[in-house]
Amino acid sequence: MMNEVVFGNVHFGDGSPRICIPIIGRTTEEIIKCAETVRDECEMLDTRYADTPELRISVIEWRADFFDNLADGEMLWDILSKLRVMFSDRLILFTFRSEEEGGELRHDRVGAHLDKVYDKVIESGLVDLIDVEVMRGNYKVARTTSMAHEAGIGILMSYHNFQETPHDTELESIIRNMEILGGDILKIAVMPGNEFDTRRMMEFQIRMTAECYKPVAIISMGEKGMVSRFKGKETGSCITFASIGDSSSAPGQIEASDLLALMKNQL
């Protein structure tokens, strides 16, 4: 397929959504404790679905906006090193979600110096993917994307709207800009006002899957949008997010064991 990309041995855009689990925590200890819980559950689910490799949890996302000491380069490197060892057989996605797009409220204003954080993450070589919000501005997005690509790191380019589901035309314009700016995986997450919004986004996903040159994931958040998280094989979504324990990072995320059971029923 024209819109398939591969990182490591993980294919995105091949018709089955890859599964991603976030890790959160304010301190190093909390992050590692969460990571251990996630690792143990992933291994259990690997065994349960050993005959269905497409249901394997392929991506671990560190939601670094929860971490209180993100501006400390040594602590950042230390956590990435630990996560790389713990999840050596899975992709690691580094994400700093801004307050404007639903990220954890911060007080050290590290968001204003995010370029330095990205530089450190890229320099480490310890991650496979970096989430970059397309609304950061074309120059900053292009700078980070270019540096990541030079280091062999992929870009999951994203847009989040926790207030509403914008019109298809607006969202298509955002996706086209993501393509232009070099996103490898294009992700949109919006808040539906009703079930019609969710259905509209699922239909929009089908169209974008057919038209875009890169893999696309369009998620409707919250309870009204939950169906969009487990119907990715039907719509062509390339990635979906689930939680393990207290690792939920967005409204409507389904517990991983429940998500895999729902996805299994569609095979």
# chains A, B, ... in the order shown; residues from 1 in each chain; ligands from 1

$ residues_around --residues "Glu211 in chain A" --least-positions-apart "5" --cutoff "12 Å" --atoms "only C-alpha atoms" --output "ChimeraX atom specification"
/A:1-3,172,175-176,179,204-206,216,236

$ write_last_selection --atoms "all heavy atoms" --output "short mmCIF file (atom, residue, chain, number, x, y, z; two decimals), in the first residue's frame"
data_model
loop_
_atom_site.label_atom_id
_atom_site.label_comp_id
_atom_site.auth_asym_id
_atom_site.auth_seq_id
_atom_site.Cartn_x
_atom_site.Cartn_y
_atom_site.Cartn_z
N MET A 1 0.85 -1.20 0.00
CA MET A 1 0.00 0.00 0.00
C MET A 1 0.88 1.25 0.00
O MET A 1 1.94 1.29 0.61
CB MET A 1 -0.91 0.01 1.23
CG MET A 1 -1.95 -1.12 1.25
SD MET A 1 -2.95 -1.10 2.76
CE MET A 1 -3.74 0.50 2.60
N MET A 2 0.41 2.27 -0.66
CA MET A 2 1.20 3.49 -0.77
C MET A 2 1.40 4.18 0.57
O MET A 2 2.38 4.87 0.77
CB MET A 2 0.51 4.45 -1.74
CG MET A 2 0.50 3.98 -3.18
SD MET A 2 -0.31 5.15 -4.27
CE MET A 2 0.78 6.54 -4.18
N ASN A 3 0.45 4.01 1.51
CA ASN A 3 0.54 4.76 2.75
C ASN A 3 1.06 3.92 3.92
O ASN A 3 0.84 4.24 5.07
CB ASN A 3 -0.81 5.36 3.12
CG ASN A 3 -1.89 4.29 3.32
OD1 ASN A 3 -1.65 3.12 3.06
ND2 ASN A 3 -3.05 4.71 3.78
N GLU A 172 -9.25 18.14 7.07
CA GLU A 172 -8.49 17.71 5.90
C GLU A 172 -7.34 18.66 5.63
O GLU A 172 -6.24 18.23 5.26
CB GLU A 172 -9.40 17.62 4.67
CG GLU A 172 -8.66 17.13 3.45
CD GLU A 172 -9.57 16.85 2.26
OE1 GLU A 172 -10.81 16.92 2.40
OE2 GLU A 172 -9.02 16.54 1.18
N ILE A 175 -4.57 17.75 7.98
CA ILE A 175 -3.89 16.52 7.57
C ILE A 175 -2.97 16.78 6.38
O ILE A 175 -1.84 16.28 6.33
CB ILE A 175 -4.92 15.42 7.24
CG1 ILE A 175 -5.53 14.86 8.53
CG2 ILE A 175 -4.27 14.29 6.44
CD1 ILE A 175 -6.55 13.78 8.31
N ARG A 176 -3.44 17.58 5.42
CA ARG A 176 -2.58 17.89 4.26
C ARG A 176 -1.32 18.63 4.71
O ARG A 176 -0.23 18.41 4.17
CB ARG A 176 -3.36 18.72 3.24
CG ARG A 176 -4.61 18.05 2.68
CD ARG A 176 -4.33 16.69 2.07
NE ARG A 176 -5.54 16.12 1.46
CZ ARG A 176 -5.65 14.86 1.07
NH1 ARG A 176 -4.63 14.03 1.19
NH2 ARG A 176 -6.78 14.42 0.54
N GLU A 179 1.15 16.19 6.11
CA GLU A 179 1.87 15.50 5.04
C GLU A 179 3.01 16.36 4.51
O GLU A 179 4.13 15.90 4.33
CB GLU A 179 0.92 15.14 3.91
CG GLU A 179 0.00 13.98 4.19
CD GLU A 179 -0.74 13.51 2.96
OE1 GLU A 179 -1.52 14.30 2.39
OE2 GLU A 179 -0.55 12.35 2.55
N PHE A 204 -14.71 9.78 7.63
CA PHE A 204 -13.59 10.62 7.22
C PHE A 204 -12.28 9.82 7.25
O PHE A 204 -11.43 9.97 6.36
CB PHE A 204 -13.51 11.83 8.16
CG PHE A 204 -12.44 12.82 7.82
CD1 PHE A 204 -12.45 13.49 6.61
CD2 PHE A 204 -11.44 13.12 8.74
CE1 PHE A 204 -11.47 14.43 6.30
CE2 PHE A 204 -10.46 14.05 8.44
CZ PHE A 204 -10.47 14.71 7.23
N GLN A 205 -12.15 8.96 8.25
CA GLN A 205 -10.97 8.09 8.33
C GLN A 205 -10.86 7.20 7.08
O GLN A 205 -9.79 7.06 6.50
CB GLN A 205 -11.07 7.21 9.59
CG GLN A 205 -10.09 6.06 9.64
CD GLN A 205 -8.67 6.47 9.98
OE1 GLN A 205 -8.42 6.93 11.09
NE2 GLN A 205 -7.75 6.33 9.05
N ILE A 206 -11.97 6.63 6.68
CA ILE A 206 -11.97 5.76 5.50
C ILE A 206 -11.49 6.54 4.27
O ILE A 206 -10.67 6.05 3.48
CB ILE A 206 -13.37 5.18 5.26
CG1 ILE A 206 -13.73 4.20 6.39
CG2 ILE A 206 -13.47 4.49 3.90
CD1 ILE A 206 -15.18 3.75 6.38
N VAL A 216 -2.90 7.08 8.58
CA VAL A 216 -3.73 8.06 9.29
C VAL A 216 -4.45 7.37 10.44
O VAL A 216 -4.87 6.22 10.34
CB VAL A 216 -4.77 8.68 8.33
CG1 VAL A 216 -5.67 9.67 9.07
CG2 VAL A 216 -4.08 9.37 7.16
N GLY A 236 -9.62 1.63 8.65
CA GLY A 236 -8.27 1.83 8.14
C GLY A 236 -7.35 2.60 9.06
O GLY A 236 -6.23 2.95 8.68
#

$ select_by_dssp --residues "range 24-230 of chain A" --states "strand (DSSP E or B)" --output "VMD selection string"
chain A and resid 57 to 63 91 to 95 129 to 133 154 to 161 185 to 190 216 to 220

$ atom_distance --atom1 "CA of Asp40 in chain A" --atom2 "CA of Asn265 in chain A"
23.7 Å

$ select_by_dssp --residues "range 80-205 of chain A" --states "helix (DSSP H, G or I)" --output "ChimeraX atom specification"
/A:80-86,99-101,110-124,134-136,138-150,168-180,195-205

$ closest_residue --among "A:Leu171, A:Met208, A:Ile188, A:Met44" --to "Tyr159 in chain A" --atoms "only C-alpha atoms"
A:Ile188

$ decode --residues "range 202-218 of chain A" --atoms "all heavy atoms" --output "JSON list (two decimals), in the first residue's frame"
[["chain", "number", "residue", "atom", "x", "y", "z"],
["A", 202, "MET", "N", -15.40, 8.47, 11.49],
["A", 202, "MET", "CA", -15.05, 7.14, 10.99],
["A", 202, "MET", "C", -15.13, 7.09, 9.47],
["A", 202, "MET", "O", -14.29, 6.49, 8.80],
["A", 202, "MET", "CB", -15.95, 6.10, 11.64],
["A", 202, "MET", "CG", -15.69, 5.94, 13.14],
["A", 202, "MET", "SD", -16.84, 4.82, 13.99],
["A", 202, "MET", "CE", -16.29, 3.23, 13.33],
["A", 203, "GLU", "N", -16.11, 7.78, 8.91],
["A", 203, "GLU", "CA", -16.21, 7.87, 7.46],
["A", 203, "GLU", "C", -15.08, 8.73, 6.89],
["A", 203, "GLU", "O", -14.54, 8.43, 5.81],
["A", 203, "GLU", "CB", -17.58, 8.46, 7.08],
["A", 203, "GLU", "CG", -18.74, 7.52, 7.39],
["A", 203, "GLU", "CD", -20.10, 8.16, 7.17],
["A", 203, "GLU", "OE1", -20.13, 9.39, 6.90],
["A", 203, "GLU", "OE2", -21.12, 7.45, 7.29],
["A", 204, "PHE", "N", -14.71, 9.78, 7.63],
["A", 204, "PHE", "CA", -13.59, 10.62, 7.22],
["A", 204, "PHE", "C", -12.28, 9.82, 7.25],
["A", 204, "PHE", "O", -11.43, 9.97, 6.36],
["A", 204, "PHE", "CB", -13.51, 11.83, 8.16],
["A", 204, "PHE", "CG", -12.44, 12.82, 7.82],
["A", 204, "PHE", "CD1", -12.45, 13.49, 6.61],
["A", 204, "PHE", "CD2", -11.44, 13.12, 8.74],
["A", 204, "PHE", "CE1", -11.47, 14.43, 6.30],
["A", 204, "PHE", "CE2", -10.46, 14.05, 8.44],
["A", 204, "PHE", "CZ", -10.47, 14.71, 7.23],
["A", 205, "GLN", "N", -12.15, 8.96, 8.25],
["A", 205, "GLN", "CA", -10.97, 8.09, 8.33],
["A", 205, "GLN", "C", -10.86, 7.20, 7.08],
["A", 205, "GLN", "O", -9.79, 7.06, 6.50],
["A", 205, "GLN", "CB", -11.07, 7.21, 9.59],
["A", 205, "GLN", "CG", -10.09, 6.06, 9.64],
["A", 205, "GLN", "CD", -8.67, 6.47, 9.98],
["A", 205, "GLN", "OE1", -8.42, 6.93, 11.09],
["A", 205, "GLN", "NE2", -7.75, 6.33, 9.05],
["A", 206, "ILE", "N", -11.97, 6.63, 6.68],
["A", 206, "ILE", "CA", -11.97, 5.76, 5.50],
["A", 206, "ILE", "C", -11.49, 6.54, 4.27],
["A", 206, "ILE", "O", -10.67, 6.05, 3.48],
["A", 206, "ILE", "CB", -13.37, 5.18, 5.26],
["A", 206, "ILE", "CG1", -13.73, 4.20, 6.39],
["A", 206, "ILE", "CG2", -13.47, 4.49, 3.90],
["A", 206, "ILE", "CD1", -15.18, 3.75, 6.38],
["A", 207, "ARG", "N", -11.96, 7.76, 4.13],
["A", 207, "ARG", "CA", -11.59, 8.58, 2.96],
["A", 207, "ARG", "C", -10.11, 8.98, 3.02],
["A", 207, "ARG", "O", -9.40, 8.89, 2.01],
["A", 207, "ARG", "CB", -12.47, 9.82, 2.88],
["A", 207, "ARG", "CG", -12.18, 10.68, 1.66],
["A", 207, "ARG", "CD", -13.31, 11.64, 1.35],
["A", 207, "ARG", "NE", -13.45, 12.69, 2.33],
["A", 207, "ARG", "CZ", -12.78, 13.86, 2.28],
["A", 207, "ARG", "NH1", -11.90, 14.08, 1.30],
["A", 207, "ARG", "NH2", -12.99, 14.78, 3.18],
["A", 208, "MET", "N", -9.64, 9.39, 4.20],
["A", 208, "MET", "CA", -8.25, 9.80, 4.34],
["A", 208, "MET", "C", -7.30, 8.61, 4.16],
["A", 208, "MET", "O", -6.21, 8.75, 3.61],
["A", 208, "MET", "CB", -8.01, 10.47, 5.69],
["A", 208, "MET", "CG", -8.66, 11.84, 5.83],
["A", 208, "MET", "SD", -7.99, 13.09, 4.68],
["A", 208, "MET", "CE", -9.22, 13.04, 3.36],
["A", 209, "THR", "N", -7.71, 7.44, 4.61],
["A", 209, "THR", "CA", -6.90, 6.24, 4.39],
["A", 209, "THR", "C", -6.68, 6.00, 2.90],
["A", 209, "THR", "O", -5.59, 5.62, 2.46],
["A", 209, "THR", "CB", -7.57, 5.01, 5.03],
["A", 209, "THR", "OG1", -7.68, 5.21, 6.44],
["A", 209, "THR", "CG2", -6.78, 3.74, 4.76],
["A", 210, "ALA", "N", -7.73, 6.25, 2.11],
["A", 210, "ALA", "CA", -7.65, 6.03, 0.67],
["A", 210, "ALA", "C", -6.87, 7.13, -0.04],
["A", 210, "ALA", "O", -6.20, 6.87, -1.05],
["A", 210, "ALA", "CB", -9.06, 5.93, 0.09],
["A", 211, "GLU", "N", -6.91, 8.35, 0.48],
["A", 211, "GLU", "CA", -6.36, 9.50, -0.24],
["A", 211, "GLU", "C", -4.95, 9.91, 0.19],
["A", 211, "GLU", "O", -4.21, 10.49, -0.60],
["A", 211, "GLU", "CB", -7.29, 10.70, -0.11],
["A", 211, "GLU", "CG", -8.65, 10.50, -0.77],
["A", 211, "GLU", "CD", -9.54, 11.73, -0.65],
["A", 211, "GLU", "OE1", -9.05, 12.78, -0.16],
["A", 211, "GLU", "OE2", -10.72, 11.64, -1.04],
["A", 212, "CYS", "N", -4.57, 9.63, 1.44],
["A", 212, "CYS", "CA", -3.29, 10.11, 1.95],
["A", 212, "CYS", "C", -2.14, 9.18, 1.59],
["A", 212, "CYS", "O", -2.34, 7.97, 1.42],
["A", 212, "CYS", "CB", -3.35, 10.28, 3.47],
["A", 212, "CYS", "SG", -4.40, 11.66, 4.02],
["A", 213, "TYR", "N", -0.96, 9.74, 1.51],
["A", 213, "TYR", "CA", 0.23, 8.96, 1.21],
["A", 213, "TYR", "C", 0.87, 8.40, 2.48],
["A", 213, "TYR", "O", 1.82, 7.63, 2.40],
["A", 213, "TYR", "CB", 1.25, 9.82, 0.46],
["A", 213, "TYR", "CG", 0.86, 10.08, -0.96],
["A", 213, "TYR", "CD1", 0.12, 11.21, -1.31],
["A", 213, "TYR", "CD2", 1.21, 9.18, -1.96],
["A", 213, "TYR", "CE1", -0.25, 11.44, -2.62],
["A", 213, "TYR", "CE2", 0.84, 9.41, -3.28],
["A", 213, "TYR", "CZ", 0.11, 10.55, -3.60],
["A", 213, "TYR", "OH", -0.27, 10.77, -4.90],
["A", 214, "LYS", "N", 0.38, 8.81, 3.64],
["A", 214, "LYS", "CA", 0.91, 8.34, 4.92],
["A", 214, "LYS", "C", -0.22, 7.71, 5.74],
["A", 214, "LYS", "O", -1.39, 8.03, 5.55],
["A", 214, "LYS", "CB", 1.52, 9.52, 5.70],
["A", 214, "LYS", "CG", 2.69, 10.17, 5.00],
["A", 214, "LYS", "CD", 3.89, 9.23, 4.92],
["A", 214, "LYS", "CE", 5.06, 9.85, 4.17],
["A", 214, "LYS", "NZ", 5.63, 10.99, 4.89],
["A", 215, "PRO", "N", 0.11, 6.82, 6.67],
["A", 215, "PRO", "CA", -0.91, 6.21, 7.52],
["A", 215, "PRO", "C", -1.61, 7.26, 8.38],
["A", 215, "PRO", "O", -0.97, 8.21, 8.87],
["A", 215, "PRO", "CB", -0.13, 5.23, 8.39],
["A", 215, "PRO", "CG", 1.17, 5.04, 7.71],
["A", 215, "PRO", "CD", 1.45, 6.30, 6.96],
["A", 216, "VAL", "N", -2.90, 7.08, 8.58],
["A", 216, "VAL", "CA", -3.73, 8.06, 9.29],
["A", 216, "VAL", "C", -4.45, 7.37, 10.44],
["A", 216, "VAL", "O", -4.87, 6.22, 10.34],
["A", 216, "VAL", "CB", -4.77, 8.68, 8.33],
["A", 216, "VAL", "CG1", -5.67, 9.67, 9.07],
["A", 216, "VAL", "CG2", -4.08, 9.37, 7.16],
["A", 217, "ALA", "N", -4.60, 8.10, 11.54],
["A", 217, "ALA", "CA", -5.41, 7.65, 12.67],
["A", 217, "ALA", "C", -6.29, 8.81, 13.11],
["A", 217, "ALA", "O", -5.78, 9.87, 13.49],
["A", 217, "ALA", "CB", -4.54, 7.19, 13.82],
["A", 218, "ILE", "N", -7.59, 8.61, 13.04],
["A", 218, "ILE", "CA", -8.54, 9.64, 13.46],
["A", 218, "ILE", "C", -9.38, 9.06, 14.60],
["A", 218, "ILE", "O", -10.07, 8.06, 14.42],
["A", 218, "ILE", "CB", -9.43, 10.11, 12.30],
["A", 218, "ILE", "CG1", -8.55, 10.71, 11.20],
["A", 218, "ILE", "CG2", -10.47, 11.12, 12.78],
["A", 218, "ILE", "CD1", -9.27, 11.04, 9.92]]
